[in-house]
Amino acid sequence: MEDICARVGFNIRRIREDKAISQEQLAGIADLHRAYIGQIERGEKNIGLRNLEKIAKALKVSIRDLF
């Protein structure tokens, strides 16, 4: 079974790249640290719900799209 952190991270990265947004830009919009965005995208961090919501809003997608 695929790790949910890796799956969510992959989806965030895919959506971010589709929208031509850098990690640094996403971090600024979501008010998170750029290194934290990288860790999430690599599946290294278990993202909290509030931060997941921040990222979804920054990417202008629903939280469901990140799963």
# chains A, B, ... in the order shown; residues from 1 in each chain; ligands from 1
$ residues_around --residues "A:Ile12" --least-positions-apart "4" --cutoff "7 Å" --atoms "only C-alpha atoms" --output "PyMOL selection string"
chain A and resi 8+16+41+66
$ write_last_selection --atoms "C-alpha atoms" --output "CSV table (one decimal), in the first residue's frame"
chain,number,residue,atom,x,y,z
A,8,VAL,CA,-0.3,13.7,-1.0
A,16,ARG,CA,2.0,23.1,-8.2
A,41,GLU,CA,6.4,17.0,-1.6
A,66,LEU,CA,-4.7,16.7,-2.8
$ closest_residue --among "A:Ile15, A:Ala56, A:Ala27, A:Cys5" --to "A:Arg42" --atoms "only C-alpha atoms"
A:Cys5
$ select_by_dssp --residues "chain A" --states "alpha helix (DSSP H)" --output "MDAnalysis selection string"
chainID A and resid 4:18 23:30 34:41 49:59 63:66
$ write_last_selection --atoms "N, CA and C atoms" --output "CSV table (one decimal), in the first residue's frame"
chain,number,residue,atom,x,y,z
A,4,ILE,N,0.5,7.4,2.4
A,4,ILE,CA,-0.4,8.6,2.2
A,4,ILE,C,0.4,9.9,2.1
A,5,CYS,N,1.5,10.0,2.9
A,5,CYS,CA,2.3,11.2,2.9
A,5,CYS,C,3.0,11.3,1.5
A,6,ALA,N,3.4,10.2,0.9
A,6,ALA,CA,4.1,10.3,-0.4
A,6,ALA,C,3.0,10.6,-1.5
A,7,ARG,N,1.8,10.1,-1.3
A,7,ARG,CA,0.8,10.3,-2.3
A,7,ARG,C,0.3,11.8,-2.3
A,8,VAL,N,0.1,12.3,-1.1
A,8,VAL,CA,-0.3,13.7,-1.0
A,8,VAL,C,0.8,14.6,-1.5
A,9,GLY,N,2.0,14.3,-1.1
A,9,GLY,CA,3.2,15.1,-1.5
A,9,GLY,C,3.3,15.1,-3.1
A,10,PHE,N,3.1,13.9,-3.7
A,10,PHE,CA,3.2,13.8,-5.1
A,10,PHE,C,2.1,14.7,-5.8
A,11,ASN,N,0.9,14.6,-5.2
A,11,ASN,CA,-0.2,15.4,-5.8
A,11,ASN,C,0.0,16.9,-5.6
A,12,ILE,N,0.5,17.3,-4.5
A,12,ILE,CA,0.8,18.8,-4.3
A,12,ILE,C,1.8,19.2,-5.4
A,13,ARG,N,2.9,18.4,-5.5
A,13,ARG,CA,3.9,18.8,-6.5
A,13,ARG,C,3.4,18.8,-7.9
A,14,ARG,N,2.6,17.8,-8.3
A,14,ARG,CA,2.0,17.8,-9.6
A,14,ARG,C,1.1,19.0,-9.9
A,15,ILE,N,0.3,19.3,-8.9
A,15,ILE,CA,-0.6,20.5,-9.1
A,15,ILE,C,0.2,21.8,-9.2
A,16,ARG,N,1.2,21.9,-8.3
A,16,ARG,CA,2.0,23.1,-8.2
A,16,ARG,C,2.8,23.3,-9.6
A,17,GLU,N,3.3,22.2,-10.1
A,17,GLU,CA,4.0,22.3,-11.3
A,17,GLU,C,3.1,22.6,-12.5
A,18,ASP,N,1.9,22.0,-12.5
A,18,ASP,CA,0.9,22.3,-13.5
A,18,ASP,C,0.6,23.8,-13.6
A,23,GLN,N,8.3,26.2,-5.5
A,23,GLN,CA,8.1,25.8,-4.1
A,23,GLN,C,8.2,27.1,-3.3
A,24,GLU,N,9.1,28.0,-3.6
A,24,GLU,CA,9.2,29.3,-2.9
A,24,GLU,C,7.9,30.1,-3.0
A,25,GLN,N,7.4,30.2,-4.2
A,25,GLN,CA,6.1,30.9,-4.4
A,25,GLN,C,5.0,30.3,-3.6
A,26,LEU,N,4.9,29.0,-3.7
A,26,LEU,CA,3.8,28.3,-2.9
A,26,LEU,C,4.0,28.6,-1.4
A,27,ALA,N,5.2,28.5,-1.0
A,27,ALA,CA,5.5,28.7,0.5
A,27,ALA,C,5.0,30.1,0.9
A,28,GLY,N,5.4,31.1,0.0
A,28,GLY,CA,5.0,32.5,0.3
A,28,GLY,C,3.5,32.7,0.4
A,29,ILE,N,2.8,32.1,-0.6
A,29,ILE,CA,1.3,32.3,-0.7
A,29,ILE,C,0.7,31.6,0.5
A,30,ALA,N,1.2,30.4,0.9
A,30,ALA,CA,0.6,29.6,2.0
A,30,ALA,C,1.1,30.0,3.3
A,34,ARG,N,9.7,27.3,2.7
A,34,ARG,CA,10.0,26.6,1.5
A,34,ARG,C,10.5,25.2,1.7
A,35,ALA,N,11.4,25.0,2.7
A,35,ALA,CA,12.0,23.7,3.0
A,35,ALA,C,10.9,22.8,3.4
A,36,TYR,N,9.9,23.3,4.2
A,36,TYR,CA,8.7,22.4,4.6
A,36,TYR,C,7.9,22.0,3.4
A,37,ILE,N,7.7,22.8,2.4
A,37,ILE,CA,7.0,22.4,1.2
A,37,ILE,C,7.8,21.3,0.5
A,38,GLY,N,9.1,21.4,0.4
A,38,GLY,CA,9.9,20.4,-0.2
A,38,GLY,C,9.8,19.0,0.6
A,39,GLN,N,9.8,19.1,1.9
A,39,GLN,CA,9.7,17.9,2.7
A,39,GLN,C,8.3,17.2,2.5
A,40,ILE,N,7.3,18.1,2.4
A,40,ILE,CA,5.9,17.5,2.1
A,40,ILE,C,5.9,16.8,0.8
A,41,GLU,N,6.4,17.5,-0.2
A,41,GLU,CA,6.4,17.0,-1.6
A,41,GLU,C,7.2,15.7,-1.7
A,49,LEU,N,-3.6,19.2,9.2
A,49,LEU,CA,-4.8,19.6,8.5
A,49,LEU,C,-4.8,21.1,8.2
A,50,ARG,N,-4.4,21.9,9.1
A,50,ARG,CA,-4.3,23.3,8.9
A,50,ARG,C,-3.4,23.7,7.7
A,51,ASN,N,-2.2,23.1,7.7
A,51,ASN,CA,-1.3,23.3,6.7
A,51,ASN,C,-1.7,22.8,5.3
A,52,LEU,N,-2.4,21.6,5.4
A,52,LEU,CA,-3.0,21.1,4.2
A,52,LEU,C,-4.0,22.1,3.6
A,53,GLU,N,-4.8,22.7,4.5
A,53,GLU,CA,-5.8,23.7,4.0
A,53,GLU,C,-5.1,24.9,3.4
A,54,LYS,N,-4.0,25.3,4.0
A,54,LYS,CA,-3.3,26.5,3.5
A,54,LYS,C,-2.8,26.2,2.1
A,55,ILE,N,-2.2,25.0,1.9
A,55,ILE,CA,-1.7,24.6,0.6
A,55,ILE,C,-2.8,24.5,-0.4
A,56,ALA,N,-3.9,23.9,0.0
A,56,ALA,CA,-5.0,23.8,-1.0
A,56,ALA,C,-5.5,25.2,-1.4
A,57,LYS,N,-5.7,26.1,-0.4
A,57,LYS,CA,-6.1,27.5,-0.8
A,57,LYS,C,-5.1,28.2,-1.7
A,58,ALA,N,-3.8,28.0,-1.4
A,58,ALA,CA,-2.8,28.6,-2.2
A,58,ALA,C,-2.8,28.1,-3.6
A,59,LEU,N,-3.1,26.8,-3.8
A,59,LEU,CA,-3.1,26.2,-5.1
A,59,LEU,C,-4.5,26.4,-5.8
A,63,ILE,N,-9.3,20.5,-0.9
A,63,ILE,CA,-8.4,19.5,-0.1
A,63,ILE,C,-8.5,18.1,-0.7
A,64,ARG,N,-9.7,17.8,-1.2
A,64,ARG,CA,-9.9,16.5,-1.8
A,64,ARG,C,-9.0,16.2,-3.0
A,65,ASP,N,-8.7,17.3,-3.7
A,65,ASP,CA,-7.8,17.2,-4.9
A,65,ASP,C,-6.4,16.8,-4.5
A,66,LEU,N,-6.0,17.0,-3.2
A,66,LEU,CA,-4.7,16.7,-2.8
A,66,LEU,C,-4.5,15.2,-2.4
